[in-house]
Structures are given as structure tokens and as C-alpha cells.
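Here the structure is laid out as C-alpha cells; the discussion comes afterwards.
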Amino acid sequence: MNVDYLRVSVTDRCNLRCIYCNPLGDHGLRERAGILSFDEIHRVVRLCAECGIRKVRLTGGEPLMCRNIADLVRRLAAVRGLEDLSLTTNGVFLGSMAAQLKAAGLKRVNISLDAVDRQCYQQTTGFDLLPQVLDGLHKGLEVGLTPVRLNCVVMRDHNLSQVIPLAEMALHLPVSVRFIEYCPTSRVTRRADDYVPSAEVRRIIESHWGQLQSVAMPNASGPAVYFTTANAAGTIGFISGRSSVFCDNCSRLRLSSDGKIKPCLHADRCYDVRKLLRGGAGDETIRKLIQRILREKSCYTKITSTAGDFLMQSIGG
Ligand code: SAM
């Protein structure tokens, strides 16, 4: 698999308290001085592009909490060799920022949406902000941050009832509604047995809609598999990080908010690029490290998802 995708966590701070990610909010956050600056992120992305990275996704934490995120987008959009620049957000601030992000060169967004019932949304995220997220979704579509994908982490004793109403959004809107298997990442998140395999979610949808038809997505490069049904404006996707192994199809590296490059979400190994950046290393030294990581990545095979103790928001989910 050609490794050409970098996911960048621009901050570990988040305005929500999602029960599957970091319900305690400030738990485990780094000191601000340890977080990479936009200049440092830009340099790493430029060097990664020189080593063959073609796609970058900004994530977090919540990337739209960085008020000048459009400046970073503008700078990254101008990096030679990059073909795709996208962003994952909880959508709360997207309504007011979608137009400037599009103008800065952002191509598309993924929006986390785990419920369409207002109370369930509040119980999931800690805040009554569903209307703001839906406004963000519509603004994203309006300004052309497309294809818009909606990401839903399914948890058995929590939002299983939301599967059908969420899937129905793909009937009416040109969006991909993607159901993600819950991965217990730390001792502060939900119980491990809240995990629901994608096969079960698919059965629930098919019991309402009949058999889903597999569909190839032209620009999809991740582990999601996509389906559709008659007369749907959008698609349904499944990301099965626990019930399946997709190392062979994994083309991504991650840059954490504190400057570690992680070749695999489920392996312990990471490389401290911040140390090089702040220690005065030249471009060639950093490029050599990136090339070594890319070589090493090709050796990862059949790593199954395990429960760990890490914060998705600092690594960049
Ligand atoms: N704040 C942004 C957001 O809410 O989309 C970006 C950061 S969030 C960590 C990115 C993604 O990580 C979410 O869409 C969610 O799907 C995923 N994620 C976080 N914790 C997870 C978990 N325990 N299991 C599966 N997915 C998780």
C-alpha cells in the first residue's frame, strides 16, 4: 500500500466531552507550549509532501477551536505536491467558518454526529448543541465542502437507537453516513462491551431498507466500505476497526498535536519530530526520519485493534 496520507492533530483541546473520546474534558491534555505551532505543522507537512504524502486531514481535538485555522489551511493548500486537504470537526463552529475555510482551500469535511435526537446528542457530547452542528452540516454542503461525511461512533447502551434516523439522513442529503466501531481507548471512556460490530449495525439497517448495495467511492482512500440503497441521495459507510484488520489498506501516518509521528494507531511506536524541529534540525534530517517511518509503515501487517490507554484527541482520531 502506498502511504500517502497524513492526519494532523492541530490541538488536543476540544469544546465537547464525548463519552467515547474524552468525557472528562481536561483529562490528559498537554501544556500548550508542547503543542506544535502552525509554523511547525506547516514545515512537517511540507517535508512529508516532499517524501510522497499527497493527502492531509486536519483533526484534533477540535480543529475549529483554533481561531486562525483558516490561515493554516491557506498555507497547507499551497504546499507543493498536496492534492487533497480535508478536516474532521464536531461541526459546532462550522456554520460560521465554512465559507472562509472553503475560500482558504479546504476541499471537504467529516463531521462527527452520533445522534439526531437532541437529548441523546447532549448525553453523548455533554452539550445541547445539535442545532449548531446541523447548521454547520448545511453550510458545509452549501459552500461545497463536499463530499461531506458524517461519522457516528456506535455504542450499544447508548445510541444504537440512532442508527436508523442517522442512516435516513443519507436518503435525503448527499452525504456519507459512516458508522464507526467503538474502540475503548482509555479508562475514562465507555465500557469495552459497548462495542457493536459493523455487521450488526448493517443488519439493523437492512432490516429496515432491505439489502444494501455495495458502491465504489472514487476518492475514498481509507478503511471505510460504502453501500447505498434505491433512491438514496447519499451513501452508508462502515469503519470496522475492531472486527476487521485493514493494515493492508492503511495508507496513513498520524502527526499528534505534541509532535509525534505515529505510523499506526494501534502500535506503541512513535517518532518525536518536535524534538528535531525545536533542536534546530535541518530539512534533510527530518526528511530522513519521515522516509524511515514510511519504510517501517510498510512492515505493519495484521495488527488487531486492542484496548489501550491513549487519548484519541491528541493523536487525532
Ligand atoms: N473534534 C473532531 C470531531 O469531533 O470530529 C475531531 C477529533 S475526533 C477525536 C475524530 C474522530 O475520532 C471522531 O469522529 C470519532 O469518530 C473518532 N473517535 C474518537 N474516539 C473514538 C473511539 N473511542 N472509538 C472510535 N472512534 C473514535
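Letters A, B, ... mark the chains of the C-alpha cells in the order given; residue numbers begin at 1 per chain; ligand numbers begin at 1, in order shown.
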Show me which residues sit within 6 Å of ligand 1 when counting only C-alpha atoms and all ligand atoms, and put them as a PDB file with all heavy atoms, in the first residue's frame.
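Printed below is part.pdb as written:
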ATOM      1  N   TYR A  20     -17.101   8.673  24.301  1.00  0.00           N
ATOM      2  CA  TYR A  20     -16.202   7.658  23.740  1.00  0.00           C
ATOM      3  C   TYR A  20     -14.789   8.197  23.548  1.00  0.00           C
ATOM      4  O   TYR A  20     -13.890   7.464  23.155  1.00  0.00           O
ATOM      5  CB  TYR A  20     -16.729   7.139  22.391  1.00  0.00           C
ATOM      6  CG  TYR A  20     -17.058   8.223  21.385  1.00  0.00           C
ATOM      7  CD1 TYR A  20     -16.065   8.815  20.625  1.00  0.00           C
ATOM      8  CD2 TYR A  20     -18.368   8.659  21.210  1.00  0.00           C
ATOM      9  CE1 TYR A  20     -16.353   9.810  19.722  1.00  0.00           C
ATOM     10  CE2 TYR A  20     -18.674   9.662  20.302  1.00  0.00           C
ATOM     11  CZ  TYR A  20     -17.659  10.241  19.565  1.00  0.00           C
ATOM     12  OH  TYR A  20     -17.947  11.239  18.675  1.00  0.00           O
ATOM     13  N   CYS A  21     -14.596   9.487  23.789  1.00  0.00           N
ATOM     14  CA  CYS A  21     -13.309  10.091  23.459  1.00  0.00           C
ATOM     15  C   CYS A  21     -12.638  10.664  24.709  1.00  0.00           C
ATOM     16  O   CYS A  21     -11.621  10.153  25.169  1.00  0.00           O
ATOM     17  CB  CYS A  21     -13.517  11.162  22.396  1.00  0.00           C
ATOM     18  SG  CYS A  21     -11.995  11.819  21.715  1.00  0.00           S
ATOM     19  N   THR A  59      -7.271  17.431  12.097  1.00  0.00           N
ATOM     20  CA  THR A  59      -8.210  16.924  13.088  1.00  0.00           C
ATOM     21  C   THR A  59      -7.756  17.416  14.459  1.00  0.00           C
ATOM     22  O   THR A  59      -7.030  18.387  14.572  1.00  0.00           O
ATOM     23  CB  THR A  59      -8.330  15.378  12.957  1.00  0.00           C
ATOM     24  OG1 THR A  59      -9.201  14.898  13.965  1.00  0.00           O
ATOM     25  CG2 THR A  59      -7.005  14.652  13.038  1.00  0.00           C
ATOM     26  N   GLY A  60      -8.211  16.757  15.506  1.00  0.00           N
ATOM     27  CA  GLY A  60      -7.817  17.210  16.837  1.00  0.00           C
ATOM     28  C   GLY A  60      -8.160  16.149  17.856  1.00  0.00           C
ATOM     29  O   GLY A  60      -8.236  14.964  17.509  1.00  0.00           O
ATOM     30  N   GLY A  61      -8.474  16.594  19.011  1.00  0.00           N
ATOM     31  CA  GLY A  61      -9.115  17.814  19.483  1.00  0.00           C
ATOM     32  C   GLY A  61     -10.091  18.374  18.443  1.00  0.00           C
ATOM     33  O   GLY A  61     -10.434  17.706  17.499  1.00  0.00           O
ATOM     34  N   GLU A  62     -10.471  19.595  18.694  1.00  0.00           N
ATOM     35  CA  GLU A  62     -11.382  20.218  17.737  1.00  0.00           C
ATOM     36  C   GLU A  62     -10.625  21.282  16.948  1.00  0.00           C
ATOM     37  O   GLU A  62     -10.307  22.349  17.498  1.00  0.00           O
ATOM     38  CB  GLU A  62     -12.593  20.803  18.478  1.00  0.00           C
ATOM     39  CG  GLU A  62     -13.530  21.611  17.607  1.00  0.00           C
ATOM     40  CD  GLU A  62     -13.920  20.902  16.300  1.00  0.00           C
ATOM     41  OE1 GLU A  62     -14.193  19.695  16.315  1.00  0.00           O
ATOM     42  OE2 GLU A  62     -13.930  21.578  15.237  1.00  0.00           O
ATOM     43  N   THR A  88     -11.596  17.128   9.901  1.00  0.00           N
ATOM     44  CA  THR A  88     -12.610  16.446  10.709  1.00  0.00           C
ATOM     45  C   THR A  88     -12.991  17.352  11.871  1.00  0.00           C
ATOM     46  O   THR A  88     -12.115  17.862  12.568  1.00  0.00           O
ATOM     47  CB  THR A  88     -12.057  15.110  11.264  1.00  0.00           C
ATOM     48  OG1 THR A  88     -11.722  14.258  10.175  1.00  0.00           O
ATOM     49  CG2 THR A  88     -13.086  14.401  12.111  1.00  0.00           C
ATOM     50  N   THR A  89     -14.279  17.559  12.047  1.00  0.00           N
ATOM     51  CA  THR A  89     -14.753  18.511  13.051  1.00  0.00           C
ATOM     52  C   THR A  89     -16.010  17.977  13.731  1.00  0.00           C
ATOM     53  O   THR A  89     -16.714  17.140  13.171  1.00  0.00           O
ATOM     54  CB  THR A  89     -15.073  19.871  12.382  1.00  0.00           C
ATOM     55  OG1 THR A  89     -15.700  20.730  13.342  1.00  0.00           O
ATOM     56  CG2 THR A  89     -16.005  19.740  11.181  1.00  0.00           C
ATOM     57  N   ASN A  90     -16.293  18.509  14.922  1.00  0.00           N
ATOM     58  CA  ASN A  90     -17.595  18.173  15.531  1.00  0.00           C
ATOM     59  C   ASN A  90     -18.690  19.072  14.961  1.00  0.00           C
ATOM     60  O   ASN A  90     -19.859  18.902  15.297  1.00  0.00           O
ATOM     61  CB  ASN A  90     -17.529  18.246  17.057  1.00  0.00           C
ATOM     62  CG  ASN A  90     -17.096  19.612  17.579  1.00  0.00           C
ATOM     63  OD1 ASN A  90     -17.499  20.648  17.052  1.00  0.00           O
ATOM     64  ND2 ASN A  90     -16.289  19.611  18.636  1.00  0.00           N
ATOM     65  N   ILE A 111     -17.851  15.303   9.601  1.00  0.00           N
ATOM     66  CA  ILE A 111     -18.478  15.872  10.800  1.00  0.00           C
ATOM     67  C   ILE A 111     -18.892  14.733  11.728  1.00  0.00           C
ATOM     68  O   ILE A 111     -19.565  13.789  11.299  1.00  0.00           O
ATOM     69  CB  ILE A 111     -19.727  16.709  10.418  1.00  0.00           C
ATOM     70  CG1 ILE A 111     -19.337  17.827   9.442  1.00  0.00           C
ATOM     71  CG2 ILE A 111     -20.399  17.275  11.663  1.00  0.00           C
ATOM     72  CD1 ILE A 111     -20.526  18.586   8.855  1.00  0.00           C
ATOM     73  N   SER A 112     -18.506  14.827  12.993  1.00  0.00           N
ATOM     74  CA  SER A 112     -18.919  13.809  13.952  1.00  0.00           C
ATOM     75  C   SER A 112     -20.367  14.063  14.355  1.00  0.00           C
ATOM     76  O   SER A 112     -20.708  15.169  14.781  1.00  0.00           O
ATOM     77  CB  SER A 112     -18.043  13.867  15.209  1.00  0.00           C
ATOM     78  OG  SER A 112     -16.749  13.469  14.870  1.00  0.00           O
ATOM     79  N   ASN A 151     -19.724  11.082  10.722  1.00  0.00           N
ATOM     80  CA  ASN A 151     -19.143   9.959  11.455  1.00  0.00           C
ATOM     81  C   ASN A 151     -19.917   9.704  12.736  1.00  0.00           C
ATOM     82  O   ASN A 151     -20.047  10.595  13.571  1.00  0.00           O
ATOM     83  CB  ASN A 151     -17.688  10.272  11.841  1.00  0.00           C
ATOM     84  CG  ASN A 151     -16.762  10.244  10.642  1.00  0.00           C
ATOM     85  OD1 ASN A 151     -17.075   9.638   9.616  1.00  0.00           O
ATOM     86  ND2 ASN A 151     -15.630  10.899  10.754  1.00  0.00           N
ATOM     87  N   VAL A 153     -20.008   7.109  16.021  1.00  0.00           N
ATOM     88  CA  VAL A 153     -19.453   6.003  16.799  1.00  0.00           C
ATOM     89  C   VAL A 153     -20.638   5.318  17.497  1.00  0.00           C
ATOM     90  O   VAL A 153     -21.374   5.959  18.244  1.00  0.00           O
ATOM     91  CB  VAL A 153     -18.436   6.508  17.848  1.00  0.00           C
ATOM     92  CG1 VAL A 153     -17.914   5.356  18.693  1.00  0.00           C
ATOM     93  CG2 VAL A 153     -17.277   7.240  17.158  1.00  0.00           C
ATOM     94  N   GLU A 181     -16.933   1.537  14.463  1.00  0.00           N
ATOM     95  CA  GLU A 181     -16.910   0.661  15.634  1.00  0.00           C
ATOM     96  C   GLU A 181     -16.222   1.361  16.799  1.00  0.00           C
ATOM     97  O   GLU A 181     -15.115   1.905  16.631  1.00  0.00           O
ATOM     98  CB  GLU A 181     -16.192  -0.651  15.298  1.00  0.00           C
ATOM     99  CG  GLU A 181     -17.024  -1.534  14.391  1.00  0.00           C
ATOM    100  CD  GLU A 181     -16.341  -2.860  14.054  1.00  0.00           C
ATOM    101  OE1 GLU A 181     -15.130  -2.995  14.279  1.00  0.00           O
ATOM    102  OE2 GLU A 181     -17.040  -3.751  13.538  1.00  0.00           O
ATOM    103  N   TYR A 182     -16.876   1.323  17.930  1.00  0.00           N
ATOM    104  CA  TYR A 182     -16.315   1.940  19.136  1.00  0.00           C
ATOM    105  C   TYR A 182     -15.058   1.197  19.578  1.00  0.00           C
ATOM    106  O   TYR A 182     -15.033  -0.024  19.656  1.00  0.00           O
ATOM    107  CB  TYR A 182     -17.363   1.925  20.259  1.00  0.00           C
ATOM    108  CG  TYR A 182     -16.785   2.263  21.600  1.00  0.00           C
ATOM    109  CD1 TYR A 182     -16.125   3.474  21.808  1.00  0.00           C
ATOM    110  CD2 TYR A 182     -16.878   1.380  22.674  1.00  0.00           C
ATOM    111  CE1 TYR A 182     -15.575   3.784  23.039  1.00  0.00           C
ATOM    112  CE2 TYR A 182     -16.340   1.682  23.910  1.00  0.00           C
ATOM    113  CZ  TYR A 182     -15.678   2.894  24.078  1.00  0.00           C
ATOM    114  OH  TYR A 182     -15.137   3.180  25.292  1.00  0.00           O
ATOM    115  N   CYS A 183     -14.014   1.972  19.844  1.00  0.00           N
ATOM    116  CA  CYS A 183     -12.754   1.392  20.299  1.00  0.00           C
ATOM    117  C   CYS A 183     -12.464   1.946  21.703  1.00  0.00           C
ATOM    118  O   CYS A 183     -12.292   3.160  21.861  1.00  0.00           O
ATOM    119  CB  CYS A 183     -11.668   1.822  19.305  1.00  0.00           C
ATOM    120  SG  CYS A 183     -10.012   1.457  19.835  1.00  0.00           S
ATOM    121  N   PRO A 184     -12.483   1.097  22.723  1.00  0.00           N
ATOM    122  CA  PRO A 184     -12.216   1.617  24.075  1.00  0.00           C
ATOM    123  C   PRO A 184     -10.760   2.047  24.194  1.00  0.00           C
ATOM    124  O   PRO A 184      -9.865   1.204  24.170  1.00  0.00           O
ATOM    125  CB  PRO A 184     -12.530   0.430  24.995  1.00  0.00           C
ATOM    126  CG  PRO A 184     -12.576  -0.752  24.116  1.00  0.00           C
ATOM    127  CD  PRO A 184     -12.647  -0.344  22.686  1.00  0.00           C
ATOM    128  N   THR A 185     -10.523   3.334  24.276  1.00  0.00           N
ATOM    129  CA  THR A 185      -9.151   3.830  24.193  1.00  0.00           C
ATOM    130  C   THR A 185      -8.547   4.158  25.550  1.00  0.00           C
ATOM    131  O   THR A 185      -7.337   4.263  25.664  1.00  0.00           O
ATOM    132  CB  THR A 185      -9.092   5.111  23.340  1.00  0.00           C
ATOM    133  OG1 THR A 185     -10.025   6.039  23.880  1.00  0.00           O
ATOM    134  CG2 THR A 185      -9.411   4.831  21.903  1.00  0.00           C
ATOM    135  N   MET A 312      -7.593   9.797  21.982  1.00  0.00           N
ATOM    136  CA  MET A 312      -7.785   9.935  20.538  1.00  0.00           C
ATOM    137  C   MET A 312      -7.603  11.397  20.138  1.00  0.00           C
ATOM    138  O   MET A 312      -7.126  11.692  19.059  1.00  0.00           O
ATOM    139  CB  MET A 312      -9.185   9.449  20.194  1.00  0.00           C
ATOM    140  CG  MET A 312      -9.411   9.099  18.784  1.00  0.00           C
ATOM    141  SD  MET A 312      -8.587   7.569  18.302  1.00  0.00           S
ATOM    142  CE  MET A 312      -9.917   6.398  18.305  1.00  0.00           C
ATOM    143  N   GLN A 313      -7.949  12.320  21.031  1.00  0.00           N
ATOM    144  CA  GLN A 313      -7.951  13.721  20.623  1.00  0.00           C
ATOM    145  C   GLN A 313      -6.551  14.318  20.532  1.00  0.00           C
ATOM    146  O   GLN A 313      -6.373  15.351  19.899  1.00  0.00           O
ATOM    147  CB  GLN A 313      -8.848  14.565  21.527  1.00  0.00           C
ATOM    148  CG  GLN A 313      -8.309  14.836  22.909  1.00  0.00           C
ATOM    149  CD  GLN A 313      -9.392  15.440  23.788  1.00  0.00           C
ATOM    150  OE1 GLN A 313     -10.253  14.727  24.270  1.00  0.00           O
ATOM    151  NE2 GLN A 313      -9.355  16.738  23.993  1.00  0.00           N
ATOM    152  N   GLY A 316      -5.288  12.305  17.223  1.00  0.00           N
ATOM    153  CA  GLY A 316      -6.049  12.695  16.033  1.00  0.00           C
ATOM    154  C   GLY A 316      -6.821  11.521  15.502  1.00  0.00           C
ATOM    155  O   GLY A 316      -6.299  10.719  14.741  1.00  0.00           O
ATOM    156  N   GLY A 317      -8.084  11.383  15.950  1.00  0.00           N
ATOM    157  CA  GLY A 317      -8.923  10.229  15.571  1.00  0.00           C
ATOM    158  C   GLY A 317      -9.294  10.283  14.120  1.00  0.00           C
ATOM    159  O   GLY A 317      -9.019  11.242  13.419  1.00  0.00           O
TER     160      GLY A 317
END
Can you list, as a list in words, all residues belonging to stretch 199-235 of chain A that DSSP tags as strand (DSSP E)? Gln213, Ser214, Val215, Val225, Tyr226, Phe227, Thr228 and Thr235 of chain A
Atoms kept (N, CA, C and O atoms) for selection, written as a PDB file, in the first residue's frame:
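File produced: selection-v1.pdb:
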ATOM      1  N   GLN A 213     -26.607  -2.164  -1.311  1.00  0.00           N
ATOM      2  CA  GLN A 213     -25.765  -2.477  -2.471  1.00  0.00           C
ATOM      3  C   GLN A 213     -24.410  -1.814  -2.312  1.00  0.00           C
ATOM      4  O   GLN A 213     -24.338  -0.617  -2.019  1.00  0.00           O
ATOM      5  N   SER A 214     -23.384  -2.622  -2.506  1.00  0.00           N
ATOM      6  CA  SER A 214     -22.016  -2.130  -2.378  1.00  0.00           C
ATOM      7  C   SER A 214     -21.746  -1.060  -3.444  1.00  0.00           C
ATOM      8  O   SER A 214     -22.216  -1.164  -4.573  1.00  0.00           O
ATOM      9  N   VAL A 215     -21.014  -0.021  -3.080  1.00  0.00           N
ATOM     10  CA  VAL A 215     -20.738   1.036  -4.047  1.00  0.00           C
ATOM     11  C   VAL A 215     -19.270   1.453  -3.920  1.00  0.00           C
ATOM     12  O   VAL A 215     -18.734   1.526  -2.813  1.00  0.00           O
ATOM     13  N   VAL A 225     -15.967   0.963   4.029  1.00  0.00           N
ATOM     14  CA  VAL A 225     -16.614   0.344   2.868  1.00  0.00           C
ATOM     15  C   VAL A 225     -17.996   0.980   2.746  1.00  0.00           C
ATOM     16  O   VAL A 225     -18.643   1.282   3.748  1.00  0.00           O
ATOM     17  N   TYR A 226     -18.432   1.195   1.503  1.00  0.00           N
ATOM     18  CA  TYR A 226     -19.624   2.007   1.269  1.00  0.00           C
ATOM     19  C   TYR A 226     -20.730   1.207   0.587  1.00  0.00           C
ATOM     20  O   TYR A 226     -20.466   0.320  -0.226  1.00  0.00           O
ATOM     21  N   PHE A 227     -21.965   1.607   0.936  1.00  0.00           N
ATOM     22  CA  PHE A 227     -23.158   0.955   0.374  1.00  0.00           C
ATOM     23  C   PHE A 227     -24.198   2.019   0.074  1.00  0.00           C
ATOM     24  O   PHE A 227     -24.143   3.125   0.594  1.00  0.00           O
ATOM     25  N   THR A 228     -25.152   1.615  -0.748  1.00  0.00           N
ATOM     26  CA  THR A 228     -26.272   2.526  -0.978  1.00  0.00           C
ATOM     27  C   THR A 228     -27.549   1.721  -1.115  1.00  0.00           C
ATOM     28  O   THR A 228     -27.546   0.484  -1.048  1.00  0.00           O
ATOM     29  N   THR A 235     -24.777   7.895   0.756  1.00  0.00           N
ATOM     30  CA  THR A 235     -24.326   6.515   0.967  1.00  0.00           C
ATOM     31  C   THR A 235     -24.190   6.226   2.467  1.00  0.00           C
ATOM     32  O   THR A 235     -24.185   7.137   3.290  1.00  0.00           O
TER      33      THR A 235
END
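Between atom CA of A:Leu64 and atom CA of A:Phe179 there is a distance of 22.7 Å.
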Would you kindly return, as number ranges by chain, each protein, DNA or RNA residue with an atom no farther than 9 Å from any atom of A:Pro63, considering only C-alpha atoms and excluding same-chain residues fewer than 5 positions away? A: 9-14, 58, 69, 87-90
Write out as a list of chain:residue names which residues come within 9 Å of stretch 39-42 of chain A when counting only C-alpha atoms, dropping same-chain ones fewer than 6 positions away. A:Val8, A:Val10, A:Leu72, A:Arg75, A:Leu76, A:Val79, A:Leu255, A:Gly259, A:Arg274, A:Leu277, A:Arg278
Please list as a PyMOL selection string every residue within 8 Å of A:Lys260, counting only C-alpha atoms and excluding residues in the same chain fewer than 5 positions away. chain A and resi 254-255+270-274
Out of stretch 97-157 of chain A, which residues get alpha helix (DSSP H) from DSSP, as number ranges by chain? A: 97-104, 118-125, 130-143, 156-157
Excluding stretch 157-163 of chain A and any residue of its chain fewer than 3 positions from it, enumerate the residues within 10 Å of it, using only C-alpha atoms, and give them as a ChimeraX atom specification. /A:19,114-117,120-121,123-124,152-154,166-168,177,179,190-191,193-196,201-202,204-205
Can you list, as a list in words, every protein, DNA or RNA residue that comes within 8 Å of stretch 47-56 of chain A when you count only C-alpha atoms, leaving out same-chain residues fewer than 6 positions away?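 The contact residues come out as Val3, Asp4, Tyr5, Leu6, Arg7, Val8, Val79, Arg80, Gly81, Leu82, Glu83, Asp84, Leu85, Ser86, Asp283, Ile286, Arg287, Ile290 and Gln291 of chain A.
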